[in-house]
Amino acid sequence: MTEDQRLSPGTGAAWLVEAGGQVRISDVDGGQTGDLFLVPVDDVDDGLSNGRTFDYGGTIVPTTGSVLYSRRSRPLAWIVTDDVGRHDFLYSPCSREMYQLQYDATDHPNCYDNLTGGLRAYGVPESTVTVAFNFFMNSRVDDAARLHIDPPTSRAGDALTVELERSCFVAVTACPASVSNGGGGGGPLEIAIRKR
């Protein structure tokens with residue numbers, strides 16, 4: 001059984017996905033980024049960890065075959081397919097505070113509110129949401145150790161699929177940050193959840 005949903009630009013949603021289920025995220029128009037955050041059902045304080053994933057995978061750019069780990073070193077999901085191969089796991093989700101500090105914008109749609117808002121319905125505290133897996137986001141570290149964000153390389157129809165190792169609450173956003181989306185205003189994403 002598959003549940004399909006379209007995320008409008010700047011929005012997010014969350015679902016309960018059982019172990020063995022899959023989540024496929026498709027870039028509808030191309031050049032769109034978003035955030036993925038996982039929280040195991042049996043411990044809502046133990047969210048996705050970029051540091052643990054880096055430690056055990058030996059790379060800062062997970063792709064096909066990579067396992068995504070929790071803060072307590074538990075495997076949450078693995079990447080089954082990846083049409084793009086370039087993602088970011090260094091930047092925290094864009095937030096209300098980020099838009100205020102960097103752009104003097106107030107009440108801007110943002111990934112942090114979308115992630116925490118979607119997960120709140122499942123009893124996940126906001127403090128669990130830290131660094132999300134920023135799929136299709138094209139970041140790099142230069143020789144001077146400075147971070148850069150380049151336009152995404154994803155094209156229309158490109159997708160990323162993860163399979164859950166354990167039952168998790170899964171939150172996904174369609175990022176509204178123009179700098180992450182090559183200067184654009186953001187586009188929609190198609191989400192397909194295949195239940196076991």
# chains A, B, ... in the order shown; residues from 1 in each chain; ligands from 1
call {"tool": "closest_atom_pairs", "arguments": {"of": "stretch 149-169 of chain A", "to": "stretch 187-191 of chain A", "cutoff": "10 Å", "atoms": "only C-alpha atoms", "output": "tab-separated table"}}
result
residue	atom	partner	partner_atom	distance
A:Gly157	CA	A:Glu190	CA	9.2
A:Ala159	CA	A:Glu190	CA	9.1
A:Leu160	CA	A:Ile191	CA	9.9
A:Thr161	CA	A:Ile191	CA	9.7
call {"tool": "residues_around", "arguments": {"residues": "A:Ala174", "least_positions_apart": "5", "cutoff": "10 Å", "atoms": "only C-alpha atoms", "output": "PyMOL selection string"}}
result
chain A and resi 6-13+27+32-36+110-111+114+135+186-190
call {"tool": "residues_around", "arguments": {"residues": "A:Gly123", "least_positions_apart": "3", "cutoff": "8 Å", "atoms": "only C-alpha atoms", "output": "short mmCIF file (atom, residue, chain, number, x, y, z; two decimals) with N, CA and C atoms, in the first residue's frame"}}
result
data_model
loop_
_atom_site.label_atom_id
_atom_site.label_comp_id
_atom_site.auth_asym_id
_atom_site.auth_seq_id
_atom_site.Cartn_x
_atom_site.Cartn_y
_atom_site.Cartn_z
N VAL A 44 11.24 9.17 21.79
CA VAL A 44 11.07 10.44 21.07
C VAL A 44 12.13 11.48 21.42
N LEU A 119 5.96 17.01 13.82
CA LEU A 119 6.30 15.98 14.82
C LEU A 119 5.59 16.19 16.15
N ARG A 120 5.15 17.41 16.41
CA ARG A 120 4.46 17.70 17.67
C ARG A 120 3.22 16.82 17.85
#
call {"tool": "residues_around", "arguments": {"residues": "stretch 74-91 of chain A", "least_positions_apart": "3", "cutoff": "8 Å", "atoms": "only C-alpha atoms", "output": "PyMOL selection string"}}
result
chain A and resi 38-40+48+50+60-71+131-139+153-154+158-168
call {"tool": "select_by_dssp", "arguments": {"residues": "stretch 14-63 of chain A", "states": "alpha helix (DSSP H)", "output": "VMD selection string"}}
result
chain A and resid 50 to 57
call {"tool": "closest_residue", "arguments": {"among": "A:Ala177, A:Gly184, A:Leu147, A:Val172", "to": "A:Arg96", "atoms": "only C-alpha atoms"}}
result
A:Ala177
